[in-house]
$ cat target_20.txt   # compact mmCIF, C-alpha atoms and all ligand atoms
# COMPACT_ATOMS: atom_id res chain seq x y z
CA MET A 19 -174.84 -75.32 -139.44
CA VAL A 20 -176.93 -73.36 -136.98
CA ARG A 21 -177.24 -74.87 -133.49
CA VAL A 22 -179.29 -72.97 -130.93
CA ARG A 23 -180.73 -73.81 -127.54
CA PHE A 24 -183.39 -72.81 -125.10
CA ALA A 25 -181.98 -73.22 -121.61
CA PRO A 26 -184.66 -72.70 -118.96
CA SER A 27 -184.00 -73.04 -115.25
CA PRO A 28 -186.78 -75.31 -113.96
CA THR A 29 -187.67 -73.12 -111.01
CA GLY A 30 -191.19 -72.23 -112.10
CA TYR A 31 -193.60 -72.30 -115.00
CA LEU A 32 -192.76 -71.37 -118.55
CA HIS A 33 -193.72 -67.71 -118.64
CA VAL A 34 -194.20 -65.28 -121.48
CA GLY A 35 -190.58 -64.10 -121.64
CA GLY A 36 -189.25 -67.67 -121.63
CA ALA A 37 -191.70 -68.74 -124.30
CA ARG A 38 -190.67 -65.84 -126.52
CA THR A 39 -186.99 -66.82 -126.12
CA ALA A 40 -187.80 -70.46 -126.86
CA LEU A 41 -189.81 -69.48 -129.92
CA PHE A 42 -187.14 -67.21 -131.39
CA ASN A 43 -184.53 -69.95 -131.02
CA TRP A 44 -186.90 -72.51 -132.52
CA LEU A 45 -187.86 -70.25 -135.42
CA TYR A 46 -184.25 -69.48 -136.17
CA ALA A 47 -183.32 -73.17 -136.15
CA ARG A 48 -186.26 -74.15 -138.35
CA ASN A 49 -185.71 -71.23 -140.74
CA GLN A 50 -182.05 -72.18 -141.13
CA GLY A 51 -182.55 -75.93 -141.21
CA GLY A 52 -180.51 -76.04 -138.01
CA THR A 53 -180.76 -77.82 -134.68
CA PHE A 54 -182.87 -76.72 -131.73
CA ILE A 55 -181.78 -77.96 -128.32
CA LEU A 56 -183.73 -77.97 -125.07
CA ARG A 57 -181.34 -77.84 -122.16
CA ILE A 58 -182.73 -77.90 -118.66
CA GLU A 59 -180.44 -75.82 -116.44
CA ASP A 60 -181.08 -77.53 -113.14
CA THR A 61 -177.80 -76.93 -111.36
CA ASP A 62 -179.57 -74.87 -108.71
CA GLN A 63 -180.84 -78.01 -107.03
CA GLU A 64 -182.63 -76.21 -104.25
CA ARG A 65 -184.93 -74.31 -106.56
CA SER A 66 -185.24 -76.80 -109.43
CA THR A 67 -188.20 -79.17 -109.44
CA GLN A 68 -189.35 -82.06 -111.59
CA GLU A 69 -192.79 -80.50 -111.66
CA SER A 70 -191.37 -77.42 -113.27
CA ILE A 71 -189.52 -79.50 -115.88
CA ASP A 72 -192.78 -81.30 -116.69
CA GLN A 73 -194.63 -78.00 -117.02
CA ILE A 74 -192.00 -76.53 -119.32
CA VAL A 75 -192.05 -79.62 -121.52
CA LYS A 76 -195.85 -79.57 -121.59
CA ALA A 77 -196.02 -75.90 -122.49
CA MET A 78 -193.44 -76.23 -125.26
CA THR A 79 -195.22 -79.26 -126.63
CA TRP A 80 -198.50 -77.35 -126.63
CA LEU A 81 -196.87 -74.48 -128.51
CA GLY A 82 -195.45 -76.96 -130.99
CA LEU A 83 -191.83 -76.05 -130.25
CA ASP A 84 -190.26 -79.44 -130.83
CA TRP A 85 -186.60 -79.99 -130.01
CA ASP A 86 -183.97 -82.12 -131.71
CA GLU A 87 -181.75 -82.74 -128.68
CA TYR A 88 -182.49 -82.72 -124.95
CA TYR A 89 -180.08 -82.37 -122.03
CA ARG A 90 -180.18 -81.92 -118.31
CA GLN A 91 -177.32 -79.93 -116.98
CA THR A 92 -176.94 -82.02 -113.81
CA ASP A 93 -176.21 -85.08 -116.00
CA ARG A 94 -173.05 -83.33 -117.06
CA THR A 95 -171.43 -82.69 -113.68
CA ASP A 96 -168.35 -84.81 -114.50
CA VAL A 97 -167.68 -82.77 -117.61
CA HIS A 98 -168.11 -79.54 -115.66
CA LEU A 99 -165.65 -80.73 -113.05
CA VAL A 100 -162.96 -81.51 -115.63
CA ALA A 101 -163.40 -78.06 -117.18
CA ALA A 102 -163.30 -76.30 -113.80
CA LYS A 103 -160.15 -78.16 -112.81
CA SER A 104 -158.51 -77.06 -116.04
CA LEU A 105 -159.11 -73.46 -114.99
CA LEU A 106 -157.50 -74.12 -111.60
CA ASP A 107 -154.60 -75.77 -113.42
CA ASN A 108 -153.99 -72.95 -115.87
CA GLY A 109 -154.24 -70.28 -113.18
CA SER A 110 -157.50 -68.74 -114.39
CA ALA A 111 -159.25 -69.80 -111.21
CA TYR A 112 -158.33 -70.23 -107.56
CA GLU A 113 -159.72 -71.93 -104.50
CA GLN A 114 -160.93 -69.98 -101.46
CA ASP A 115 -162.96 -71.27 -98.50
CA GLY A 116 -163.84 -74.39 -100.49
CA ALA A 117 -165.38 -72.44 -103.37
CA TRP A 118 -163.63 -72.03 -106.73
CA TRP A 119 -163.32 -68.49 -108.03
CA PHE A 120 -162.64 -67.18 -111.49
CA LYS A 121 -159.95 -64.54 -111.50
CA VAL A 122 -161.10 -61.61 -113.61
CA PRO A 123 -158.08 -60.38 -115.62
CA PRO A 124 -157.51 -56.66 -116.09
CA GLY A 125 -158.82 -54.98 -119.23
CA GLU A 126 -162.19 -54.88 -120.89
CA THR A 127 -164.54 -57.15 -122.82
CA VAL A 128 -166.56 -56.07 -125.81
CA VAL A 129 -169.71 -58.03 -126.47
CA HIS A 130 -170.48 -57.96 -130.19
CA ASP A 131 -174.20 -58.44 -130.00
CA ILE A 132 -176.22 -59.07 -133.15
CA LEU A 133 -179.03 -56.94 -131.79
CA ALA A 134 -177.53 -54.59 -129.22
CA GLY A 135 -174.37 -53.85 -131.21
CA ASP A 136 -170.99 -53.55 -129.44
CA VAL A 137 -171.25 -53.23 -125.69
CA THR A 138 -168.05 -52.63 -123.75
CA PHE A 139 -167.58 -53.83 -120.18
CA ASN A 140 -164.65 -52.55 -118.19
CA HIS A 141 -163.26 -55.26 -115.92
CA ASP A 142 -162.90 -52.71 -113.12
CA GLN A 143 -166.62 -53.16 -112.67
CA ILE A 144 -166.51 -56.96 -112.54
CA LYS A 145 -165.38 -58.76 -109.42
CA ASP A 146 -163.89 -62.26 -109.29
CA PHE A 147 -166.81 -64.68 -109.29
CA VAL A 148 -167.55 -68.16 -108.03
CA ILE A 149 -167.69 -70.96 -110.61
CA ARG A 150 -168.04 -73.86 -108.18
CA ARG A 151 -169.69 -73.53 -104.79
CA SER A 152 -168.16 -75.08 -101.71
CA ASP A 153 -170.87 -77.78 -101.79
CA GLY A 154 -169.53 -78.92 -105.16
CA THR A 155 -172.35 -77.55 -107.30
CA PHE A 156 -171.57 -75.33 -110.28
CA VAL A 157 -172.71 -71.82 -111.00
CA TYR A 158 -174.74 -70.79 -114.04
CA ASN A 159 -172.18 -68.51 -115.69
CA PHE A 160 -169.65 -71.32 -115.74
CA VAL A 161 -171.73 -74.31 -116.80
CA VAL A 162 -173.56 -72.36 -119.47
CA VAL A 163 -170.20 -71.77 -121.16
CA VAL A 164 -169.01 -75.36 -120.88
CA ASP A 165 -172.33 -76.65 -122.19
CA ASP A 166 -172.73 -74.13 -125.01
CA ALA A 167 -169.16 -74.86 -126.11
CA ASP A 168 -169.53 -78.65 -125.90
CA MET A 169 -172.89 -78.54 -127.67
CA GLU A 170 -171.34 -76.39 -130.38
CA ILE A 171 -173.97 -73.70 -130.02
CA THR A 172 -173.52 -71.20 -132.83
CA HIS A 173 -175.94 -68.50 -131.62
CA VAL A 174 -176.89 -67.72 -128.04
CA ILE A 175 -180.31 -66.07 -128.28
CA ARG A 176 -181.73 -65.01 -124.91
CA GLY A 177 -183.31 -62.19 -122.97
CA ASP A 178 -181.30 -59.00 -122.51
CA ASP A 179 -181.41 -59.48 -118.74
CA HIS A 180 -178.43 -61.77 -119.43
CA LEU A 181 -176.36 -59.16 -121.23
CA THR A 182 -174.39 -58.33 -118.06
CA ASN A 183 -173.51 -62.03 -117.68
CA THR A 184 -172.07 -62.17 -121.16
CA PRO A 185 -168.67 -60.51 -120.47
CA LYS A 186 -168.06 -63.04 -117.70
CA GLN A 187 -168.99 -65.83 -120.04
CA ILE A 188 -166.72 -64.49 -122.77
CA MET A 189 -163.82 -64.42 -120.29
CA LEU A 190 -164.55 -68.04 -119.46
CA TYR A 191 -164.61 -69.06 -123.13
CA ARG A 192 -161.21 -67.47 -123.52
CA ALA A 193 -159.79 -69.03 -120.37
CA LEU A 194 -161.07 -72.44 -121.51
CA GLY A 195 -159.71 -71.89 -125.01
CA ARG A 196 -163.14 -72.45 -126.56
CA LYS A 197 -164.73 -70.88 -129.62
CA LEU A 198 -167.18 -68.03 -128.97
CA PRO A 199 -170.74 -68.30 -130.23
CA LYS A 200 -172.59 -65.28 -131.61
CA PHE A 201 -174.83 -63.48 -129.13
CA ALA A 202 -178.28 -61.99 -129.66
CA HIS A 203 -179.91 -60.46 -126.61
CA LEU A 204 -183.62 -59.92 -127.09
CA PRO A 205 -185.07 -56.58 -125.97
CA MET A 206 -187.21 -56.90 -122.92
CA ILE A 207 -190.97 -57.25 -122.80
CA LEU A 208 -192.86 -54.53 -120.94
CA GLY A 209 -196.23 -54.54 -119.29
CA PRO A 210 -198.89 -52.02 -120.34
CA ASP A 211 -197.46 -49.57 -117.77
CA ARG A 212 -194.08 -49.86 -119.52
CA THR A 213 -192.27 -51.52 -116.64
CA ARG A 214 -190.62 -54.91 -117.12
CA LEU A 215 -193.29 -57.57 -117.57
CA SER A 216 -193.87 -59.55 -114.41
CA LYS A 217 -196.47 -61.38 -112.37
CA ARG A 218 -197.74 -58.01 -111.20
CA HIS A 219 -199.23 -57.50 -114.65
CA GLY A 220 -201.42 -60.55 -114.25
CA VAL A 221 -199.51 -62.25 -117.07
CA THR A 222 -198.99 -65.81 -116.04
CA SER A 223 -197.71 -69.13 -117.29
CA VAL A 224 -198.11 -70.11 -120.91
CA LEU A 225 -200.35 -73.03 -119.97
CA GLU A 226 -202.69 -70.61 -118.23
CA TYR A 227 -203.45 -69.18 -121.66
CA ARG A 228 -204.44 -72.62 -122.85
CA ARG A 229 -206.83 -72.84 -119.92
CA ARG A 230 -208.25 -69.45 -120.84
CA GLY A 231 -209.10 -70.67 -124.33
CA PHE A 232 -206.27 -69.44 -126.51
CA LEU A 233 -204.99 -71.42 -129.50
CA PRO A 234 -201.29 -72.35 -129.59
CA GLU A 235 -200.88 -70.88 -133.08
CA ALA A 236 -202.24 -67.55 -131.81
CA MET A 237 -199.79 -67.59 -128.90
CA VAL A 238 -196.91 -68.36 -131.26
CA ASN A 239 -198.01 -65.52 -133.56
CA PHE A 240 -198.29 -63.18 -130.58
CA PHE A 241 -194.90 -64.13 -129.12
CA ALA A 242 -193.26 -63.72 -132.52
CA ARG A 243 -194.53 -60.17 -132.72
CA LEU A 244 -192.97 -59.37 -129.34
CA GLY A 245 -189.86 -58.00 -130.97
CA TRP A 246 -189.93 -59.40 -134.49
CA SER A 247 -191.83 -57.92 -137.42
CA HIS A 248 -192.39 -58.32 -141.13
CA GLY A 249 -193.71 -55.10 -142.65
CA ASP A 250 -197.03 -54.33 -141.03
CA GLN A 251 -198.36 -57.88 -141.24
CA GLU A 252 -199.93 -59.04 -137.96
CA VAL A 253 -201.41 -62.45 -138.63
CA PHE A 254 -198.94 -65.22 -139.41
CA THR A 255 -199.34 -68.95 -139.64
CA ARG A 256 -196.61 -71.09 -138.13
CA ASP A 257 -195.29 -71.97 -141.59
CA GLU A 258 -195.12 -68.33 -142.58
CA LEU A 259 -193.17 -67.51 -139.42
CA VAL A 260 -190.68 -70.28 -140.13
CA LYS A 261 -190.26 -69.08 -143.69
CA LEU A 262 -189.95 -65.36 -142.89
CA PHE A 263 -188.10 -65.33 -139.57
CA SER A 264 -184.71 -63.68 -139.39
CA LEU A 265 -182.63 -62.22 -136.59
CA LYS A 266 -182.20 -59.05 -138.66
CA ARG A 267 -185.87 -58.23 -138.29
CA ILE A 268 -185.81 -58.17 -134.53
CA GLY A 269 -186.20 -54.59 -133.33
CA SER A 270 -183.86 -53.00 -130.82
CA SER A 271 -186.52 -51.50 -128.56
CA ALA A 272 -188.65 -53.15 -125.93
CA SER A 273 -192.08 -54.45 -126.89
CA VAL A 274 -195.25 -54.12 -124.91
CA PHE A 275 -197.42 -57.05 -123.90
CA ASP A 276 -200.92 -56.15 -125.05
CA GLU A 277 -203.58 -58.61 -123.98
CA GLU A 278 -206.20 -56.99 -126.25
CA LYS A 279 -203.98 -57.71 -129.21
CA LEU A 280 -203.58 -61.31 -128.09
CA ARG A 281 -207.36 -61.67 -127.95
CA TRP A 282 -207.70 -60.16 -131.40
CA LEU A 283 -205.05 -62.49 -132.80
CA ASN A 284 -206.77 -65.44 -131.21
CA GLN A 285 -209.99 -64.42 -132.92
CA GLN A 286 -208.17 -64.32 -136.26
CA HIS A 287 -206.70 -67.76 -135.69
CA MET A 288 -210.04 -69.16 -134.59
CA LYS A 289 -211.40 -68.05 -137.95
CA LEU A 290 -208.49 -69.74 -139.73
CA ALA A 291 -208.74 -73.00 -137.78
CA ALA A 292 -210.38 -76.09 -139.22
CA PRO A 293 -213.90 -76.14 -137.67
CA LYS A 294 -213.61 -79.82 -136.78
CA ARG A 295 -210.48 -79.09 -134.77
CA LEU A 296 -212.26 -76.25 -132.96
CA VAL A 297 -215.04 -78.64 -132.04
CA ASP A 298 -212.54 -81.12 -130.60
CA LEU A 299 -210.83 -78.36 -128.64
CA LEU A 300 -214.15 -77.01 -127.36
CA ARG A 301 -215.32 -80.15 -125.59
CA PRO A 302 -213.51 -79.62 -122.25
CA PHE A 303 -214.46 -75.93 -122.18
CA VAL A 304 -218.12 -76.73 -122.75
CA VAL A 305 -218.12 -79.43 -120.10
CA GLU A 306 -216.32 -77.16 -117.64
CA LEU A 307 -218.99 -74.49 -118.02
CA GLY A 308 -221.60 -77.01 -116.88
CA SER A 309 -225.20 -77.36 -118.10
CA VAL A 310 -224.15 -79.07 -121.34
CA THR A 311 -222.83 -82.50 -120.40
CA GLU A 312 -220.27 -84.55 -122.27
CA GLU A 313 -223.04 -86.96 -123.35
CA MET A 314 -225.13 -84.12 -124.75
CA TRP A 315 -222.12 -82.85 -126.64
CA ASN A 316 -221.32 -86.27 -128.08
CA GLU A 317 -224.92 -86.90 -129.04
CA ALA A 318 -225.16 -83.60 -130.88
CA GLY A 319 -223.01 -85.12 -133.61
CA ASP A 320 -219.97 -83.64 -135.26
CA GLU A 321 -221.78 -82.29 -138.27
CA ARG A 322 -224.07 -80.06 -136.28
CA LEU A 323 -221.31 -78.94 -133.92
CA VAL A 324 -219.03 -78.12 -136.83
CA GLN A 325 -221.77 -76.08 -138.48
CA GLY A 326 -222.47 -74.29 -135.22
CA ALA A 327 -218.81 -73.55 -134.52
CA GLU A 328 -218.35 -72.29 -138.06
CA LEU A 329 -221.25 -69.86 -137.68
CA LEU A 330 -220.58 -68.71 -134.16
CA ARG A 331 -216.80 -68.34 -134.08
CA HIS A 332 -216.72 -64.96 -135.80
CA ARG A 333 -217.65 -62.98 -132.76
CA CYS A 334 -215.57 -64.99 -130.28
CA HIS A 335 -212.13 -64.13 -128.99
CA THR A 336 -211.42 -67.34 -127.13
CA LEU A 337 -212.56 -70.94 -126.95
CA VAL A 338 -214.29 -70.02 -123.70
CA ASP A 339 -216.41 -67.44 -125.56
CA LEU A 340 -217.27 -69.97 -128.24
CA ALA A 341 -218.03 -72.70 -125.72
CA LYS A 342 -220.54 -70.36 -124.08
CA MET A 343 -222.14 -69.57 -127.42
CA MET A 344 -222.39 -73.23 -128.38
CA HIS A 345 -224.89 -73.60 -125.55
CA ILE A 346 -227.59 -72.26 -127.83
CA LEU A 347 -227.40 -75.49 -129.83
CA PHE A 348 -228.58 -77.49 -126.82
CA PRO A 349 -231.91 -77.85 -125.06
CA VAL A 350 -230.76 -75.86 -122.05
CA GLU A 351 -231.67 -72.53 -120.52
CA ILE A 352 -229.63 -69.92 -122.40
CA GLU A 353 -228.44 -66.53 -121.32
CA VAL A 354 -230.46 -63.86 -123.11
CA GLU A 355 -228.86 -60.47 -123.75
CA GLU A 356 -232.06 -58.47 -123.32
CA GLU A 357 -235.62 -59.16 -122.25
CA VAL A 358 -238.00 -59.58 -125.17
CA LYS A 359 -241.51 -58.11 -124.80
CA LEU A 360 -244.18 -58.98 -127.37
CA ASP A 361 -247.36 -57.18 -128.25
CA ASP A 362 -250.44 -59.24 -129.11
CA ARG A 363 -249.85 -58.94 -132.80
CA GLN A 364 -246.27 -60.26 -132.58
CA ARG A 365 -247.50 -63.05 -130.35
CA GLU A 366 -249.98 -64.13 -133.01
CA VAL A 367 -247.40 -64.01 -135.80
CA ILE A 368 -244.80 -65.99 -133.85
CA ALA A 369 -247.45 -68.54 -132.90
CA SER A 370 -248.19 -69.17 -136.56
CA ILE A 371 -244.46 -69.39 -137.34
CA CYS A 372 -244.21 -72.03 -134.60
CA ASP A 373 -247.06 -73.98 -136.17
CA ALA A 374 -245.40 -73.85 -139.58
CA PHE A 375 -242.02 -74.87 -138.15
CA SER A 376 -243.41 -77.76 -136.14
CA GLN A 377 -244.86 -79.38 -139.23
CA ALA A 378 -241.56 -79.19 -141.14
CA SER A 379 -240.01 -82.45 -142.25
CA SER A 380 -236.72 -80.78 -143.09
CA PHE A 381 -235.19 -77.74 -141.40
CA ALA A 382 -232.33 -76.70 -143.67
CA HIS A 383 -231.63 -73.00 -144.31
CA ASP A 384 -233.99 -72.85 -147.33
CA ASP A 385 -236.79 -74.72 -145.52
CA VAL A 386 -236.57 -72.33 -142.60
CA GLU A 387 -236.74 -69.34 -144.91
CA ARG A 388 -239.67 -70.75 -146.92
CA LEU A 389 -241.72 -71.68 -143.83
CA LEU A 390 -241.05 -68.41 -142.09
CA ARG A 391 -241.89 -66.29 -145.09
CA GLY A 392 -245.01 -68.38 -145.73
CA ALA A 393 -246.28 -67.86 -142.19
CA LEU A 394 -245.52 -64.12 -142.37
CA ALA A 395 -247.37 -63.75 -145.67
CA ALA A 396 -250.39 -65.59 -144.31
CA GLN A 397 -250.42 -63.15 -141.37
CA GLY A 398 -249.78 -60.11 -143.55
CA ALA A 399 -246.67 -59.44 -141.47
CA LYS A 400 -243.07 -58.54 -142.29
CA LEU A 401 -239.87 -60.29 -141.21
CA LYS A 402 -238.66 -57.15 -139.45
CA ASP A 403 -241.73 -57.20 -137.20
CA VAL A 404 -240.51 -60.34 -135.44
CA ALA A 405 -236.90 -60.98 -136.52
CA HIS A 406 -235.38 -59.27 -133.50
CA ALA A 407 -237.64 -61.04 -131.01
CA ILE A 408 -236.96 -64.42 -132.63
CA ARG A 409 -233.23 -63.92 -132.83
CA VAL A 410 -232.83 -62.78 -129.24
CA THR A 411 -235.08 -65.52 -127.92
CA VAL A 412 -233.52 -68.37 -129.87
CA THR A 413 -229.85 -67.31 -129.96
CA GLY A 414 -229.67 -65.12 -126.86
CA SER A 415 -228.16 -62.25 -128.79
CA ALA A 416 -229.40 -59.38 -130.95
CA VAL A 417 -226.54 -59.67 -133.42
CA GLY A 418 -224.96 -62.65 -135.09
CA PRO A 419 -224.84 -64.70 -138.25
CA GLY A 420 -227.75 -65.03 -140.69
CA LEU A 421 -231.04 -65.80 -138.95
CA PHE A 422 -232.06 -68.69 -141.20
CA ASP A 423 -228.64 -70.31 -140.80
CA MET A 424 -228.86 -69.97 -137.06
CA LEU A 425 -232.36 -71.39 -136.77
CA SER A 426 -231.44 -74.27 -139.04
CA VAL A 427 -228.39 -75.25 -137.00
CA ILE A 428 -230.16 -74.89 -133.68
CA GLY A 429 -232.83 -77.21 -135.03
CA LYS A 430 -236.58 -77.33 -135.21
CA LYS A 431 -237.30 -78.75 -131.80
CA ILE A 432 -235.25 -76.29 -129.78
CA VAL A 433 -236.34 -73.31 -131.89
CA VAL A 434 -240.02 -74.12 -131.43
CA THR A 435 -239.61 -74.80 -127.71
CA ARG A 436 -237.90 -71.45 -127.12
CA LEU A 437 -240.45 -69.53 -129.19
CA ARG A 438 -243.46 -71.22 -127.53
CA LYS A 439 -242.06 -70.38 -124.16
CA LEU A 440 -241.74 -66.76 -125.23
CA ILE A 441 -245.34 -66.61 -126.39
CA ARG A 442 -246.61 -68.10 -123.12
CA ARG A 443 -244.79 -65.51 -121.02
N1 LIG B 1 -180.96 -70.80 -117.30
C1 LIG B 1 -180.89 -69.46 -117.75
C2 LIG B 1 -182.24 -68.79 -117.57
O1 LIG B 1 -183.22 -69.46 -117.45
C3 LIG B 1 -180.47 -69.49 -119.19
C4 LIG B 1 -179.91 -68.24 -119.72
C5 LIG B 1 -179.23 -68.47 -121.06
O2 LIG B 1 -179.97 -68.70 -122.03
O3 LIG B 1 -178.01 -68.49 -121.11
O4 LIG B 1 -182.32 -67.59 -117.51

$ encode --input "target_20.txt" --output "structure tokens" --more "lines below"
Ligand code: GLU
Amino acid sequence: MVRVRFAPSPTGYLHVGGARTALFNWLYARNQGGTFILRIEDTDQERSTQESIDQIVKAMTWLGLDWDEYYRQTDRTDVHLVAAKSLLDNGSAYEQDGAWWFKVPPGETVVHDILAGDVTFNHDQIKDFVIRRSDGTFVYNFVVVVDDADMEITHVIRGDDHLTNTPKQIMLYRALGRKLPKFAHLPMILGPDRTRLSKRHGVTSVLEYRRRGFLPEAMVNFFARLGWSHGDQEVFTRDELVKLFSLKRIGSSASVFDEEKLRWLNQQHMKLAAPKRLVDLLRPFVVELGSVTEEMWNEAGDERLVQGAELLRHRCHTLVDLAKMMHILFPVEIEVEEEVKLDDRQREVIASICDAFSQASSFAHDDVERLLRGALAAQGAKLKDVAHAIRVTVTGSAVGPGLFDMLSVIGKKIVVTRLRKLIRR
């Protein structure tokens, strides 16, 4: 039975690399019907914070990476002590200046990595290392082995920055007489300039992407494609990922973090999302932008908001984009892409359209079309004479979904108000 773990050190936010590692472990566990463990590696007490633990838990919950077992490494200090003493007892470790050191035996260690292949480490290059500090706290390379062994981890899946730790850990498994797990070190993630991804690239915590209007399923899709692939498919639902994921399909070269691709994926997932859910997610973004208040949003009614979101989402990359667009459904000043100038003739035609609209008892798509065409015919005018001016004035933008749909969703009152204002200018 597969047992895997994500073992973050709570010394900061959950970042992109960590989230990718968490996801790959989670996907593997779910694909295999195995167990996914979250283990907080908080033995570095000076740098670990509760706030960071809370943030990691929040980010994983947002991404939908649920765990089956949860541990905190500092709860296991007694167990670590027993294991460390056993190494002193069997001569694998020694005490020096209060710290306990592991004695690196001569020879070499070969790491059989599922992804990197066999990597040989000559012990000449590895010095004796501390397993327990003089203040009584334990060191990562030691506790990770005791915990992985006790928790019967079958596959250690983590970033390849840990590959150089692995020979030390293998020596410890052997000295402790414990069974080795399999190792899979994930190729690193690069920034657009092809150096290791870091804060310098402006790529921040996972929760920052939530704040910027990304959907968790888009993030999960994006993280999955940082190293894993399935043919040339790009868009995956969570269920598809669980069904298709395998360690074999993880590439051996580094992948590049491409924010444009993330935005594109988010757009795809916004199109796939249930419109009602989008509307629920939009509320805080709309309120944050100001001008449309929470009361206005609530009063608009779900039906209208759902219709609006369904029409407007196609051109949006994030919830922030869509929240901005949703403004056009409200009686507020909207941002207009270009200034509309009318000649006298257009002014006359739009005035008669306004008259026709204002007498409407129903303003559904077909009513809008009928009234508009009626007014145009009476004026001997064509739709193309005024369509652009109407669209830009009412929706703020020269391109977008069908005009009649848009006018219908925005509603008679707002449409007529915006058009009358245009005529008066
Ligand atoms: N606490 C380590 C880290 O955050 C875990 C590494 C591992 O998965 O073994 O890098």

$ residues_near_ligand --input "target_20.txt" --ligand "ligand LIG 1 (chain B)" --cutoff "7 Å" --atoms "only C-alpha atoms and all ligand atoms" --output "MDAnalysis selection string"
chainID A and resid 24:27 59 162 174:176 180

$ write_last_selection --input "target_20.txt" --atoms "C-alpha atoms" --output "short mmCIF file (atom, residue, chain, number, x, y, z; two decimals), keeping the file's coordinate frame"
data_model
loop_
_atom_site.label_atom_id
_atom_site.label_comp_id
_atom_site.auth_asym_id
_atom_site.auth_seq_id
_atom_site.Cartn_x
_atom_site.Cartn_y
_atom_site.Cartn_z
CA PHE A 24 -183.39 -72.81 -125.10
CA ALA A 25 -181.98 -73.22 -121.61
CA PRO A 26 -184.66 -72.70 -118.96
CA SER A 27 -184.00 -73.04 -115.25
CA GLU A 59 -180.44 -75.82 -116.44
CA VAL A 162 -173.56 -72.36 -119.47
CA VAL A 174 -176.89 -67.72 -128.04
CA ILE A 175 -180.31 -66.07 -128.28
CA ARG A 176 -181.73 -65.01 -124.91
CA HIS A 180 -178.43 -61.77 -119.43
#

$ closest_residue --input "target_20.txt" --among "A:Lys430, A:Lys294, A:Arg229, A:Lys342" --to "A:Asp385" --atoms "all atoms listed in the file"
A:Lys430

$ closest_atom_pairs --input "target_20.txt" --of "stretch 81-141 of chain A" --to "stretch 42-57 of chain A" --cutoff "6 Å" --atoms "only C-alpha atoms" --output "Markdown table"
| residue | atom | partner | partner_atom | distance |
| --- | --- | --- | --- | --- |
| A:Trp85 | CA | A:Phe54 | CA | 5.3 |
| A:Asp86 | CA | A:Phe54 | CA | 5.5 |
| A:Glu87 | CA | A:Ile55 | CA | 4.8 |
| A:Tyr88 | CA | A:Leu56 | CA | 4.9 |
| A:Tyr89 | CA | A:Arg57 | CA | 4.7 |
| A:Arg90 | CA | A:Arg57 | CA | 5.7 |

$ atom_distance --input "target_20.txt" --atom1 "atom CA of A:Leu215" --atom2 "atom CA of A:Leu181"
17.4 Å

$ residues_around --input "target_20.txt" --residues "A:Lys402" --least-positions-apart "3" --cutoff "12 Å" --atoms "all atoms listed in the file" --output "MDAnalysis selection string"
chainID A and resid 364 367 390:391 394 399 405:409 421

$ atom_distance --input "target_20.txt" --atom1 "atom CA of A:Val404" --atom2 "atom CA of A:Ile368"
7.3 Å

$ atom_distance --input "target_20.txt" --atom1 "atom CA of A:Arg267" --atom2 "atom CA of A:His130"
17.4 Å

$ axis_aligned_box --input "target_20.txt" --around "stretch 420-428 of chain A" --padding-each-side "8 Å" --output "AutoDock Vina command-line options"
--center_x -230.1 --center_y -70.1 --center_z -137.4 --size_x 20.6 --size_y 26.2 --size_z 23.5

$ residues_around --input "target_20.txt" --residues "A:Ile132" --least-positions-apart "3" --cutoff "9 Å" --atoms "only C-alpha atoms" --output "list in words"
Gly135, Asp136, Lys200, Phe201, Ala202, His203, Leu265 and Lys266 of chain A

$ residues_around --input "target_20.txt" --residues "stretch 268-272 of chain A" --least-positions-apart "4" --cutoff "8 Å" --atoms "only C-alpha atoms" --output "ChimeraX atom specification"
/A:133-134,204-208,245-247,264

$ closest_residue --input "target_20.txt" --among "A:Val274, A:Asp373, A:Lys121, A:Ile346" --to "A:His219" --atoms "all atoms listed in the file"
A:Val274

$ residues_near_point --input "target_20.txt" --point "(-222.7, -74.1, -126.5)" --cutoff "9 Å" --atoms "all atoms listed in the file" --output "MDAnalysis selection string"
chainID A and resid 304 310 315 323 326:327 340:348

$ residues_around --input "target_20.txt" --residues "A:Gln68" --least-positions-apart "2" --cutoff "12 Å" --atoms "all atoms listed in the file" --output "CSV table (one decimal) with C-alpha atoms, in the coordinates of the input"
chain,number,residue,atom,x,y,z
A,27,SER,CA,-184.0,-73.0,-115.2
A,28,PRO,CA,-186.8,-75.3,-114.0
A,29,THR,CA,-187.7,-73.1,-111.0
A,30,GLY,CA,-191.2,-72.2,-112.1
A,31,TYR,CA,-193.6,-72.3,-115.0
A,58,ILE,CA,-182.7,-77.9,-118.7
A,59,GLU,CA,-180.4,-75.8,-116.4
A,60,ASP,CA,-181.1,-77.5,-113.1
A,63,GLN,CA,-180.8,-78.0,-107.0
A,64,GLU,CA,-182.6,-76.2,-104.2
A,65,ARG,CA,-184.9,-74.3,-106.6
A,66,SER,CA,-185.2,-76.8,-109.4
A,70,SER,CA,-191.4,-77.4,-113.3
A,71,ILE,CA,-189.5,-79.5,-115.9
A,72,ASP,CA,-192.8,-81.3,-116.7
A,73,GLN,CA,-194.6,-78.0,-117.0
A,74,ILE,CA,-192.0,-76.5,-119.3
A,75,VAL,CA,-192.0,-79.6,-121.5
A,90,ARG,CA,-180.2,-81.9,-118.3

$ residues_near_point --input "target_20.txt" --point "(-162.3, -74.0, -116.5)" --cutoff "10 Å" --atoms "only C-alpha atoms" --output "MDAnalysis selection string"
chainID A and resid 98:111 120 149 160:161 163:164 190:195
